[in-house]
Each structure stands twice: as structure tokens, then as C-alpha cells.
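Notes for the one structure printed next.
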Amino acid sequence: MNTNRVILLITIIVLLLLGCNSPLYNDEETTYSIIPNPVSVKVQDGNFSLNNSTQILALGKDVLPLAKMFADELNNFIGIDLKVIEKNVRYSKNTIIFKIDTASLGILGPEGYKLQVTPKKIIVLAPKSQGLFYGFQSLLQLLPIINNSSNCKFSNKEIDRNEWKIPCLDILDYPRFEWRGLMLDVSRHFFSKEFVKQYIDELSKYKFNIFHLHLSDDQGWRIQIDSFPRLTEIGAWRVPRTGKWWSFQPPQPSEKATYGGFYTKDDIKEIVQYAQERFVTVVPELDIPGHSLAAIAAYPHLSCTKGNYKVNPGSRFYGVDNNTLCVGQETTFEFLDKVFSEVADLFPSEYIHVGGDECFKDFWETCNFCMKRMEENGLSNTDELQSYLMKRVEIILKEKGKRLIGWDEILEGGLSPEATVMSWRGIDGGIKAAKMGHHVIMTPNYHTYLDLYQGDHIIEPETYSLLRLENCYNFDLVPPNVNEEYILGGQGNLWTESVPNSRHAEYMTWPRALALSEVFWSPNEKREWNDFIRRMEVRFNYFDKNEINYARSVFDAIISGIKGTDDSLKVKLRTEISGLDIHYTFDETNPDKFSPKYEDVPIDIPKGASQIKVRTYRTNQPIGNQINFPLSMLDQRIESD
């Protein structure tokens with residue numbers, strides 16, 4: 001029996017004796033595993049030993065709630081209940097100190113922090129409370145992770161015996177961008193208040209500070225509006241459908257709308273407060289003037305056609321059902337003014353997102369009211385008519401102390417004077433807006449759309465297009481020749497047409513949101529792919545412990561085709577991350593570590609083979625999913641040499 005097997009056997013025996021799994025340390029005790037990567041880390045000798053005698057000291061105004069939150073996180077993490085002391089006592093050993101230091105504001109900015117770990121004490125220092133919050137998130141990531149598969153916590157004796165060691169280091173950290181967002185679409189599928197809070201809790205751990213809540217669309221209106229109760233009585237519900245989005249049957253006569261839901265005003269207040277406690281700003285979006293079928297189903301007079309439409313269940317309807325607000329009628333603006341008044345009262349956010357994307361304008365061209373509006377205002381086309389609406393909406397929002405954000409289509413026909421542009425159709429809209437002197441949030445679909453496939457569509461859940469983890473991580477928000485001061489930051493977007501439940505929302509978010517958190521926070525020079533993968537895999541232990549669903553697609557093989565000199569097709573294999581072996585078969589058997597290994601040379605296809613089966617291995621253990629790839633599809637994946 002070799003040494004590795006002996007060690008493995010001993011480990012298993014110890015785990016069984018303990019009744020819980022032991023802490024999992026990094027390969028090197030002095031290696032830190034923080035996401036996003038801090039600006040500066042200096043690793044020192046030694047460790048701080050956390051045990052039942054450790055105390056937490058809260059120094060400075062507003063520090064106590066954060067210190068208690070940290071203590072609660074520790075209790076949830078390992079079952080250790082530490083005492084929090086508020087009074088200014090003499091620093092002693094075995095103490096974790098949280099301190100506000102306003103003098104460091106010039107160095108760290110409002111969200112920065114310093115974290116010092118020595119053998120005797122830990123000091124988390126920041127000029128403002130949000131910096132302390134980010135500091136303790138980094139500190140929590142330095143803790144060994146319990147693989148809590150048996151759902152038990154360590155006893156007091158076990159905690160003291162294990163001496164939870166935190167490596168000594170000095171961290172200085174602050175964000176690159178002020179807008180670090182994730183968006184959740186709750187319109188296509190409704191997600192409970194409890195899940196939304198859980199989602200906010202998780203994103204805040206990786207220093208996201210914006211939660212963009214997409215509250216209305218063709219498939220559902222999700223927020224209570226007292227002035228227009230039918231928005232939730234009618235607009236929040238649709239007929240139930242299961243399967244592939246856009247393939248569903250339209251609502252049938254007399255079929256009941258039973259699928260959906262909405263947030264009451266009390267729900268929204270609870271969500272907003274929960275986010276504020278974690279220094280996350282909730283930015284609401286009501287998508288207008290297109291994507292408004294749920295509102296029109298509730299109030300038909302809002303459209304040009306006044307049709308008796310139903311809330312869309314995911315069937316094709318563009319050009320048939322009118323999902324666009326009528327710009328020609330003044331009642332539309334009266335509606336928007338009342339709705340945005342109630343929304344503005346609920347959300348402290350400086351911004352309200354108004355959509356503006358994918359507006360189907362054909363109904364405007366046959367609407368007498370819209371044509372009259374264009375004539376009276378000297379508008380030459382319907383793009384300018386949409387711009388007219390957005391400019392008036394911006395005035396409505398300004399009267400309520402809010403600023404307007406829209407998707408990059410709001411550039412068409414003329415941009416509202418003070419609008420902020422969220423650039424999703426690539427980065428060109430963001431470049432154009434920045435050069436016009438407007439603030440921009442970069443969220444191009446090919447780097448940030450979390451609803452896309454993250455691995456081979458042969459084995460991934462149904463959706464469309466592709467966004468691998470490496471494409472998220474290789475994103476740079478600032479294009480050449482663009483003044484960085486106009487780039488507020490970036491955002492990942494989880495549209496939910498193909499995300500019917502909360503478990504799948506987690507799967508589509510993680511780990512790609514980990515990559516985006518580093519893109520939005522860390523300096524470019526601190527981003528290194530292989531090191532990110534190492535740190536990401538440590539977070540996988542955390543996800544496992546907390547039963548958070550996540551994708552392991554980054555470990556899967558990537559299959560493509562290469563044309564040989566004789567025009568024959570060969571199979572090319574690769575992986576996103578280094579250090580993996582790819583084993584394959586053509587003979588219909590399942591590959592294992594004894595099957596042929598890919599050697600970075602395209603493979604000739606044997607005569608008669610109909611598929612290639614591939615699986616990745618690390619140190620002779622399977623790590624990726626098996627992919628059974630039909631060779632008939634290979635000509636759809638041709639790469640150049």
C-alpha cells in the first residue's frame with residue numbers, strides 16, 4: 001500500500017471517529033484564498049488561533065452591529081459563540097478588533113479596509129462601516145472550511161482542540177469600481193422573498209454592492225402599486241407552463257392564470273433593509289415602453305391597440321400582442337408618474353432603471369395618437385418618439401429625487417440629458433455614451449449574461465448561446481481611448497426565461513459571479529487565471545457546506561473540430577483550466593483513466609465512429625462530467641488551425 005493510500009485511510013478513520021468532517025486547509029497554510037483578490041497582501045509568519053476564549057472588540061461609532069454580525073457568521077460557520085465587547089478596553093491577546101478610523105479615508109476610500117492578522121490579535125480597520133463589512137468578509141474567507149456533510153457542528157472541546165488557525169498577513173484593499181452589480185429577473189419566474197434575501201446575502205460576501213431587481217416584463221408584474229391594484233391582481237399571474245421557453249402554448253380560453261406572485265410593499269421594505277444591512281443598494285427596474293405586456297394585460301388603455309391581452313407564459317407573441325406602451329396618450333405619463341412615485345418611496349437607491357430595450361415600435365406607426373405626438377414635437381421617426389418618452393420619464397424621476405438608467409437602446413433617437421447607460425449589446429453603446437459625457441455601466445452579454453450556457457450544451461440545462469467562466473474573468477470594463485471616470489462599473493445579469501427555480505438560479509450564478517466580482521473589484525494586475533481557479537475551488541468547499549448549488553462546468557472538456565490537409569475532420573479537445581487530463585473513447589464505451597489520453601494533438605476519427613465520449617481527470621480521479629458528443633455535430637464547431 002503506497003503512502004498516499006495510508007494517509008487517506010487514516011484521514012477517513014479520524015473523520016469517522018469525530019462524527020464530523022475535519023477542517024479543510026489549503027495546500028499551503030500560508031496561502032490565502034480570498035475572492036475578490038485584495039489590492040495588497042503581505043503574508044507573514046505564524047497564525048492566529050481562534051478558540052472559545054477569543055473575544056471580539058468593537059471600537060468606534062456604528063461598529064457594534066457589524067461586530068455582532070461577524071460573531072453570528074462565526075457561529076453559523078463553525079458553531080463558535082464569541083463574546084462581543086463594546087467598551088474600549090486594553091487590547092489583549094486572542095482578540096479580534098473592529099475599528100473605524102476616519103483618517104484612513106484618503107487612502108482607502110469609503111469602501112476600503114485594512115486587515116492585520118498577528119499571532120496575538122486581528123485588527124479590521126476602515127474609514128467607514130462598509131469597509132469594515134468587506135474586511136470581515138475577507139477575514140471569514142481566511143477560515144478553514146468545514147465540510148459539514150453530516151450537518152453537525154463542532155463541540156467546544158473540538159473547537160479548542162482544532163485551534164482554528166488563520167494565517168498571519170497584512171491586507172490593504174479597496175475597490176476599482178463603485179458599481180459592482182448582479183441582476184435577478186423575477187418577472188419571467190417569481191422568486192420568493194426568502195430566496196431574494198439569501199441571494200443578497202451571498203452576493204454581498206464577494207463585495208457586490210448593487211442588486212438590480214428586474215420587477216416587470218411581459219411575463220409578470222412583481223411589485224404592489226396601490227394606485228393600480230390590477231397590476232398585481234392581473235399582471236402578476238399567468239397560465240402555468242413547463243418546458244422550453246418560447247415553445248409554450250399561448251393562454252387558452254377560460255384557462256386560469258395561477259402561476260406567479262408579487263412582493264407587497266412590506267416585502268420590498270424588508271428586502272431593502274436586509275440589503276442595506278449588508279451595504280447593498282437595491283436598484284428597481286420597471287421595463288418600459290416595451291416589455292410591458294403584463295401591465296397592458298391589467299390596463300389595456302395603456303397600449304395603442306387597447307387589446308384584451310393576457311400575461312405571456314413564455315409563448316411567442318412579438319408583433320401579435322402589443323407589449324408597448326402608447327406614447328401618444330397623456331394617460332400613459334399619468335400612469336408612469338404615479339407608479340414611479342410609489343416605487344421611489346420604497347427604494348432609497350439614487351437610481352431607478354427604466355429598461356428601454358427591445359421596444360417593438362410597429363404599433364406606434366399605425367397609432368393616431370403617436371403620429372400626432374410625433375408631428376407636434378417635430379419627431380422624424382419612432383426612435384425619436386421613444387427618446388421623447390425617456391426624456392419625460394427622466395423629468396418625472398428627477399422630481400422624485402431619482403436618476404434614470406436604461407439599457408443601451410435609449411441612445412437611439414437621442415439620449416436623455418442626465419441618463420446613465422447600461423451597455424448590454426456589446427460595449428459600443430457604453431463607448432458612445434461615455435464619449436458623450438454620460439456615466440456607463442458595462443454589462444455586455446458576451447461577458448456578463450449569466451443565463452447563457454456555461455459548458456457544453458450537450459449536457460447543460462436548456463438555454464441559449466454560451467458564456468464560459470474564462471470569458472467572465474477575461475472581461476476588462478474600460479475600453480481603449482475611453483475615460484475611466486465615466487465607467488461606473490459593471491454588472492452580471494441573470495435573466496430567468498430558462499431559470500424556473502431558485503436552485504437553478506444559484507447554479508447559473510456561481511461560480512461565474514465569483515469571476516465577475518474580481519473583475520469589478522480587483523486591480524487588473526491582481527487578476528491571474530490559475531490563481532483565481534485555486535481560490536475558486538476553496539469557495540466550492542463553502543458552497544458544498546452551505547448546500548448552495550453551483551456549476552462545475554469549468555472542469556469539463558471543450559470539444560471542437562479541425563479540418564485536416566485532406567479536408568477531413570479531426571477532433572480537438574481542451575479544458576478551461578490547466579492540470580487536467582482528458583480521456584476519450586470512440587467505441588461506445590465510457591472513458592476512464594485507462595482510456596486513451598488526449599495529447600494536445602487533434603485526433604483522427606476512426607471509420608464507423610458515431611460519437612466521441614470524453615471525461616476529464618485530475619490526479620487519476622474523475623473531475624469533470626462525461627460528454628457523449630455526436631460526431632455529426634462536429635462540423636458546427638470548426639476552428640481554424
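Ligands are numbered from 1 in the order shown, chains are lettered A, B, ... in the order of the C-alpha cells, and residues start at 1 in each chain.
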Test item: residues at most 9 Å from Arg552 in chain A, only C-alpha atoms, excluding those fewer than 2 positions along its chain, as a ChimeraX atom specification: /A:455,511,550,554-556,623-625
Write down as number ranges by chain the residues belonging to range 242-467 of chain A that are assigned strand (DSSP E) by DSSP computed on the backbone. A: 259-260, 281-288, 351-355, 403-407, 420-423, 440-442
Going by DSSP on the backbone, which bits of range 48-270 of chain A are helix (DSSP H, G or I)? Write them as a ChimeraX atom specification, please. /A:64-78,102-108,129-142,156-162,193-205,230-233,265-270
Name the closest residue to His291 in chain A among the candidates A:His438, A:His214, A:Lys400, A:Lys391; distances are taken between atoms, counting only C-alpha atoms. A:His214
What separation in Å, quoted to one decimal, exists between CA of Tyr299 in chain A and CA of Phe335 in chain A?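 Computed distance, CA of Tyr299 in chain A to CA of Phe335 in chain A, equals 10.0 Å.
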Considering only C-alpha atoms, return as a list in words whatever protein or nucleic-acid residues lie within 10 Å of Phe248 in chain A, sequence-local ones (same chain, fewer than 6 positions apart) excluded. Pro240, Arg241, Thr242, Asn312, Pro313, Gly314, Ser315 and Arg316 of chain A
May I have the residues within 9 Å of range 402-404 of chain A as a list in words, using only C-alpha atoms and disregarding those fewer than 5 positions away in the same chain? Ala344, Ser349, Glu350, Tyr351, Ile352, His353, Val354, Met390, Val393, Glu394, Ile396, Leu397, Ser416, Glu418, Ala419, Thr420 and Val421 of chain A
Include N, CA and C atoms and write out the residues we just selected as a CSV table (one decimal), in the first residue's frame.
chain,number,residue,atom,x,y,z
A,344,ALA,N,-40.4,55.1,-6.0
A,344,ALA,CA,-39.4,56.0,-5.4
A,344,ALA,C,-39.4,56.0,-3.9
A,349,SER,N,-32.5,53.8,-3.3
A,349,SER,CA,-31.5,53.9,-4.4
A,349,SER,C,-31.5,55.3,-5.1
A,350,GLU,N,-30.4,55.8,-5.4
A,350,GLU,CA,-30.3,57.0,-6.2
A,350,GLU,C,-30.9,56.8,-7.6
A,351,TYR,N,-30.8,55.6,-8.1
A,351,TYR,CA,-31.2,55.3,-9.4
A,351,TYR,C,-32.5,54.4,-9.5
A,352,ILE,N,-33.2,54.6,-10.6
A,352,ILE,CA,-34.3,53.7,-11.0
A,352,ILE,C,-34.1,53.4,-12.4
A,353,HIS,N,-34.1,52.1,-12.7
A,353,HIS,CA,-33.9,51.6,-14.1
A,353,HIS,C,-35.2,51.5,-14.8
A,354,VAL,N,-35.2,52.0,-16.0
A,354,VAL,CA,-36.5,52.1,-16.8
A,354,VAL,C,-36.5,51.2,-18.0
A,390,MET,N,-38.5,58.8,-22.9
A,390,MET,CA,-37.5,58.7,-21.9
A,390,MET,C,-37.1,60.0,-21.3
A,393,VAL,N,-39.8,60.8,-18.9
A,393,VAL,CA,-39.6,59.9,-17.7
A,393,VAL,C,-38.5,60.4,-16.8
A,394,GLU,N,-37.4,60.9,-17.5
A,394,GLU,CA,-36.3,61.4,-16.7
A,394,GLU,C,-36.7,62.6,-15.8
A,396,ILE,N,-39.8,63.1,-14.7
A,396,ILE,CA,-40.6,62.5,-13.6
A,396,ILE,C,-39.7,62.0,-12.5
A,397,LEU,N,-38.7,61.3,-12.9
A,397,LEU,CA,-37.8,60.7,-11.8
A,397,LEU,C,-37.0,61.8,-11.1
A,416,SER,N,-31.4,61.0,-23.2
A,416,SER,CA,-31.8,61.9,-22.1
A,416,SER,C,-30.7,62.6,-21.5
A,418,GLU,N,-29.3,63.5,-18.6
A,418,GLU,CA,-28.5,63.0,-17.5
A,418,GLU,C,-28.6,61.5,-17.3
A,419,ALA,N,-29.0,60.8,-18.4
A,419,ALA,CA,-29.2,59.4,-18.3
A,419,ALA,C,-27.9,58.6,-18.1
A,420,THR,N,-28.0,57.5,-17.4
A,420,THR,CA,-26.9,56.6,-17.3
A,420,THR,C,-27.2,55.4,-18.1
A,421,VAL,N,-26.2,54.9,-18.9
A,421,VAL,CA,-26.4,53.9,-19.9
A,421,VAL,C,-25.9,52.6,-19.4
Proximity to Gly290 in chain A - best of A:Cys326, A:Leu379, A:Ile548, A:Val320, only C-alpha atoms: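 Comparing A:Cys326, A:Leu379, A:Ile548, A:Val320 against Gly290 in chain A, the winner is A:Cys326.
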Tell me, in Å to one decimal, how far CA of Leu57 in chain A is from CA of Leu115 in chain A. 14.5 Å
Nearest to Phe48 in chain A: which of A:Ser187, A:Thr232, A:Thr509, A:Thr95 is it, counting only C-alpha atoms? A:Thr95
His301 in chain A: which residues within 9 Å, counting only C-alpha atoms, same-chain residues fewer than 6 positions away excluded, as a VMD selection string? chain A and resid 307 326 331 to 332
If we count only C-alpha atoms and set the cut-off at 12 Å, which residues sit around Lys570 in chain A, ignoring sequence neighbours fewer than 3 positions away in its own chain? Please answer as a PyMOL selection string. chain A and resi 559-567+573+601-606+612+631+634-635+637-641
Could you list, as a PDB file with N, CA and C atoms, in the first residue's frame, every residue within 7 Å of range 585-598 of chain A, counting only C-alpha atoms and ignoring same-chain residues fewer than 3 positions away?
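And here is the file that came out, part.pdb:
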ATOM      1  N   ASP A 581      -6.323  16.058 -17.210  1.00  0.00           N
ATOM      2  CA  ASP A 581      -6.158  15.102 -18.307  1.00  0.00           C
ATOM      3  C   ASP A 581      -7.518  14.824 -18.926  1.00  0.00           C
ATOM      4  N   ILE A 582      -7.526  14.643 -20.250  1.00  0.00           N
ATOM      5  CA  ILE A 582      -8.765  14.318 -20.951  1.00  0.00           C
ATOM      6  C   ILE A 582      -8.637  12.904 -21.514  1.00  0.00           C
ATOM      7  N   ALA A 609     -17.071   5.391 -36.476  1.00  0.00           N
ATOM      8  CA  ALA A 609     -17.384   6.013 -35.185  1.00  0.00           C
ATOM      9  C   ALA A 609     -18.517   7.023 -35.353  1.00  0.00           C
ATOM     10  N   GLN A 611     -19.759   8.732 -32.327  1.00  0.00           N
ATOM     11  CA  GLN A 611     -19.638   9.721 -31.264  1.00  0.00           C
ATOM     12  C   GLN A 611     -18.300   9.561 -30.559  1.00  0.00           C
ATOM     13  N   ILE A 612     -17.886  10.642 -29.909  1.00  0.00           N
ATOM     14  CA  ILE A 612     -16.732  10.583 -29.025  1.00  0.00           C
ATOM     15  C   ILE A 612     -17.227  10.847 -27.617  1.00  0.00           C
ATOM     16  N   LYS A 613     -16.763  10.033 -26.666  1.00  0.00           N
ATOM     17  CA  LYS A 613     -17.097  10.225 -25.266  1.00  0.00           C
ATOM     18  C   LYS A 613     -15.845  10.710 -24.546  1.00  0.00           C
ATOM     19  N   VAL A 614     -15.968  11.795 -23.802  1.00  0.00           N
ATOM     20  CA  VAL A 614     -14.794  12.374 -23.149  1.00  0.00           C
ATOM     21  C   VAL A 614     -15.099  12.652 -21.685  1.00  0.00           C
ATOM     22  N   ARG A 615     -14.045  12.587 -20.866  1.00  0.00           N
ATOM     23  CA  ARG A 615     -14.161  12.967 -19.460  1.00  0.00           C
ATOM     24  C   ARG A 615     -12.807  13.424 -18.966  1.00  0.00           C
ATOM     25  N   ASN A 620      -5.658  11.269 -11.653  1.00  0.00           N
ATOM     26  CA  ASN A 620      -6.310   9.969 -11.876  1.00  0.00           C
ATOM     27  C   ASN A 620      -7.700   9.843 -11.257  1.00  0.00           C
TER      28      ASN A 620
END
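Distances from A:Cys359, A:Ile35, A:Leu82, A:Cys304 to Asp531 in chain A were compared using only C-alpha atoms, and the smallest one belongs to A:Ile35.
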